[in-house]
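Just protein_1.tsv here, TSV, C-alpha atoms:
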```
chain	number	residue	atom	x	y	z
A	1	MET	CA	84.00	43.97	-232.15
A	2	ARG	CA	86.56	41.24	-232.64
A	3	LYS	CA	87.08	40.10	-236.19
A	4	GLY	CA	85.37	36.86	-237.14
A	5	ILE	CA	82.99	36.98	-234.18
A	6	ASN	CA	79.33	37.32	-235.07
A	7	ILE	CA	76.71	36.84	-232.42
A	8	ALA	CA	73.25	36.05	-233.71
A	9	VAL	CA	70.52	36.93	-231.22
A	10	ALA	CA	67.24	35.14	-231.92
A	11	ALA	CA	63.98	37.06	-231.57
A	12	PHE	CA	63.05	35.06	-228.48
A	13	ASP	CA	66.41	35.79	-226.84
A	14	ARG	CA	66.18	39.48	-227.76
A	15	ALA	CA	62.74	39.75	-226.16
A	16	ARG	CA	64.01	38.00	-223.05
A	17	LEU	CA	67.07	40.28	-222.80
A	18	GLU	CA	64.98	43.43	-223.35
A	19	ALA	CA	62.56	42.31	-220.63
A	20	LEU	CA	65.49	41.75	-218.29
A	21	VAL	CA	66.82	45.25	-218.95
A	22	ALA	CA	63.38	46.84	-218.56
A	23	ALA	CA	62.48	45.05	-215.31
A	24	ARG	CA	63.09	47.33	-212.34
A	25	GLY	CA	63.90	44.44	-210.00
A	26	SER	CA	66.61	42.89	-212.14
A	27	PRO	CA	70.05	42.71	-210.56
A	28	GLN	CA	72.33	45.31	-212.16
A	29	LYS	CA	75.01	42.82	-213.11
A	30	GLN	CA	72.44	40.91	-215.17
A	31	VAL	CA	71.22	44.15	-216.76
A	32	TRP	CA	74.64	45.24	-218.01
A	33	ARG	CA	75.38	41.72	-219.24
A	34	ALA	CA	72.13	41.78	-221.23
A	35	ARG	CA	72.97	45.26	-222.56
A	36	ILE	CA	76.31	43.95	-223.84
A	37	ILE	CA	74.53	41.31	-225.91
A	38	LEU	CA	71.82	43.71	-227.11
A	39	LEU	CA	74.44	46.24	-228.20
A	40	ASN	CA	76.29	43.44	-229.96
A	41	ALA	CA	73.16	42.65	-231.94
A	42	ASP	CA	73.25	46.26	-233.19
A	43	SER	CA	76.79	45.59	-234.54
A	44	ILE	CA	78.67	48.43	-232.89
A	45	GLY	CA	82.41	48.30	-232.29
A	46	THR	CA	84.23	47.31	-229.11
A	47	VAL	CA	85.17	50.90	-228.26
A	48	ALA	CA	81.51	51.89	-228.52
A	49	PHE	CA	80.65	48.92	-226.26
A	50	MET	CA	83.11	50.14	-223.69
A	51	ALA	CA	81.70	53.67	-223.80
A	52	ALA	CA	78.08	52.51	-223.62
A	53	THR	CA	78.49	50.00	-220.80
A	54	GLY	CA	81.48	51.33	-218.86
A	55	LYS	CA	83.04	47.86	-218.92
A	56	SER	CA	86.47	46.74	-220.07
A	57	LYS	CA	87.20	45.02	-223.37
A	58	THR	CA	87.97	41.70	-221.69
A	59	CYS	CA	84.75	41.87	-219.68
A	60	ILE	CA	82.74	42.46	-222.85
A	61	TRP	CA	84.46	39.61	-224.65
A	62	ARG	CA	83.93	37.26	-221.70
A	63	TRP	CA	80.17	37.79	-221.67
A	64	GLN	CA	79.92	37.58	-225.45
A	65	GLU	CA	81.68	34.20	-225.34
A	66	ARG	CA	79.47	32.94	-222.53
A	67	PHE	CA	76.35	33.99	-224.43
A	68	MET	CA	77.54	32.26	-227.62
A	69	ALA	CA	78.32	29.07	-225.70
A	70	GLU	CA	75.34	28.83	-223.33
A	71	GLY	CA	72.72	31.42	-224.30
A	72	VAL	CA	70.77	33.83	-222.10
A	73	ASP	CA	70.84	31.54	-219.05
A	74	ALA	CA	74.64	31.98	-218.85
A	75	LEU	CA	74.14	35.72	-218.30
A	76	LEU	CA	71.88	35.13	-215.31
A	77	ARG	CA	74.44	33.35	-213.15
A	78	ASP	CA	78.08	33.66	-212.25
A	79	LYS	CA	80.50	30.85	-212.91
A	80	THR	CA	81.08	28.63	-209.92
A	81	ARG	CA	84.50	28.82	-208.36
A	82	PRO	CA	86.20	26.64	-205.80
A	83	PRO	CA	86.26	28.10	-202.30
A	84	GLY	CA	89.29	30.19	-201.40
A	85	ILE	CA	89.95	28.26	-198.20
A	86	ALA	CA	89.46	24.52	-198.09
A	87	PRO	CA	86.89	23.37	-195.53
A	88	LEU	CA	88.21	21.87	-192.31
A	89	GLU	CA	88.27	18.13	-191.84
A	90	ALA	CA	85.45	16.73	-189.71
A	91	THR	CA	87.90	15.18	-187.24
A	92	LEU	CA	89.59	18.53	-186.69
A	93	VAL	CA	86.24	20.23	-186.10
A	94	ASP	CA	85.34	17.52	-183.59
A	95	LYS	CA	88.64	18.08	-181.74
A	96	VAL	CA	88.06	21.82	-181.50
A	97	VAL	CA	84.51	21.32	-180.21
A	98	ALA	CA	85.75	18.81	-177.63
A	99	LEU	CA	88.46	21.23	-176.49
A	100	THR	CA	85.98	24.05	-176.03
A	101	LEU	CA	84.02	21.92	-173.60
A	102	GLU	CA	87.11	21.52	-171.40
A	103	PRO	CA	88.79	24.29	-169.44
A	104	PRO	CA	92.05	25.54	-170.98
A	105	ALA	CA	95.20	23.66	-169.89
A	106	HIS	CA	97.06	26.88	-169.21
A	107	GLU	CA	96.27	29.48	-166.54
A	108	ALA	CA	93.34	31.22	-168.22
A	109	THR	CA	89.62	31.63	-167.78
A	110	HIS	CA	88.71	31.01	-171.41
A	111	TRP	CA	90.11	29.78	-174.71
A	112	THR	CA	91.72	32.32	-176.99
A	113	VAL	CA	92.15	31.77	-180.72
A	114	ARG	CA	95.91	31.38	-180.43
A	115	ALA	CA	95.69	29.03	-177.44
A	116	MET	CA	93.13	26.86	-179.28
A	117	ALA	CA	95.31	26.76	-182.41
A	118	LYS	CA	98.36	25.78	-180.36
A	119	ALA	CA	96.43	23.05	-178.51
A	120	VAL	CA	94.97	21.61	-181.71
A	121	ALA	CA	98.34	21.73	-183.49
A	122	SER	CA	100.04	19.89	-180.64
A	123	ARG	CA	97.45	17.10	-180.71
A	124	ARG	CA	97.31	16.85	-184.49
A	125	PRO	CA	99.57	14.21	-186.07
A	126	ARG	CA	102.22	15.57	-188.43
A	127	ARG	CA	102.06	14.71	-192.09
```
C-alpha cells encoding of this file:
Amino acid sequence: MRKGINIAVAAFDRARLEALVAARGSPQKQVWRARIILLNADSIGTVAFMAATGKSKTCIWRWQERFMAEGVDALLRDKTRPPGIAPLEATLVDKVVALTLEPPAHEATHWTVRAMAKAVASRRPRR
C-alpha cells in the first residue's frame, strides 16, 4: 500500500461491499473493485493486492482514490467520458437525409458512402 494512505471502511460500507461480492448477479467489474477495497481494509501490501486481484498497481490505486473521494457508489459506475467522435451537426444530418431522397447525380442506381461524402462536402461551406 502507498505510504500515508489509509482507507477507513465503515461497517455499513463493509457490509455493502461484502454483499456486492457475494451476490451472484453482480457485474464482475464491480466485484473486483469491491474486493480491492475489502482487501485494503485488511491492510495488505500493494504486491499482495496485485496477486489477489490480478489488477495492476495503477488500477488498484485508482479505485482506492475513487472510494476515498466518493464512497461505495463510485465503485458501482464508470467515470463518464466525452464521446470519441463528435456528433454531427443537425444541418448536416438534414442535408444527408435530403440527398438520400433524391437519385444520385452521377450515373449510378444508388448512393454509395463515398459518393454521399463527396456530394455533402461539395455543398458544405468551407470554414
For Ile60 of chain A, work out the shell of residues within 8 Å, counting only C-alpha atoms and skipping chain neighbours fewer than 4 positions away, then give it as a list in words. Ile36, Phe49, Met50, Lys55, Ser56 and Gln64 of chain A
Taking all atoms of segment 113-119 of chain A that the file lists and extending 6 Å past them on each side, where is the centre of the axis-aligned box and how long are its edges? Answer in Å to one decimal, as AutoDock Vina command-line options.
```
--center_x 95.3 --center_y 27.4 --center_z -179.9 --size_x 18.2 --size_y 20.7 --size_z 17.0
```
How far is it from atom CA of Val93 of chain A to atom CA of Ala108 of chain A, in Å with one decimal? 22.2 Å
Which residue, A:Asp13, A:Leu76, A:Ala86, A:Val47, has the smallest gap to Gln30 of chain A when you use only C-alpha atoms? A:Leu76
Separation of atom CA of Arg81 of chain A from atom CA of Ala19 of chain A in Å: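 Result for atom CA of Ala19 of chain A versus atom CA of Arg81 of chain A: 28.5 Å, one decimal.
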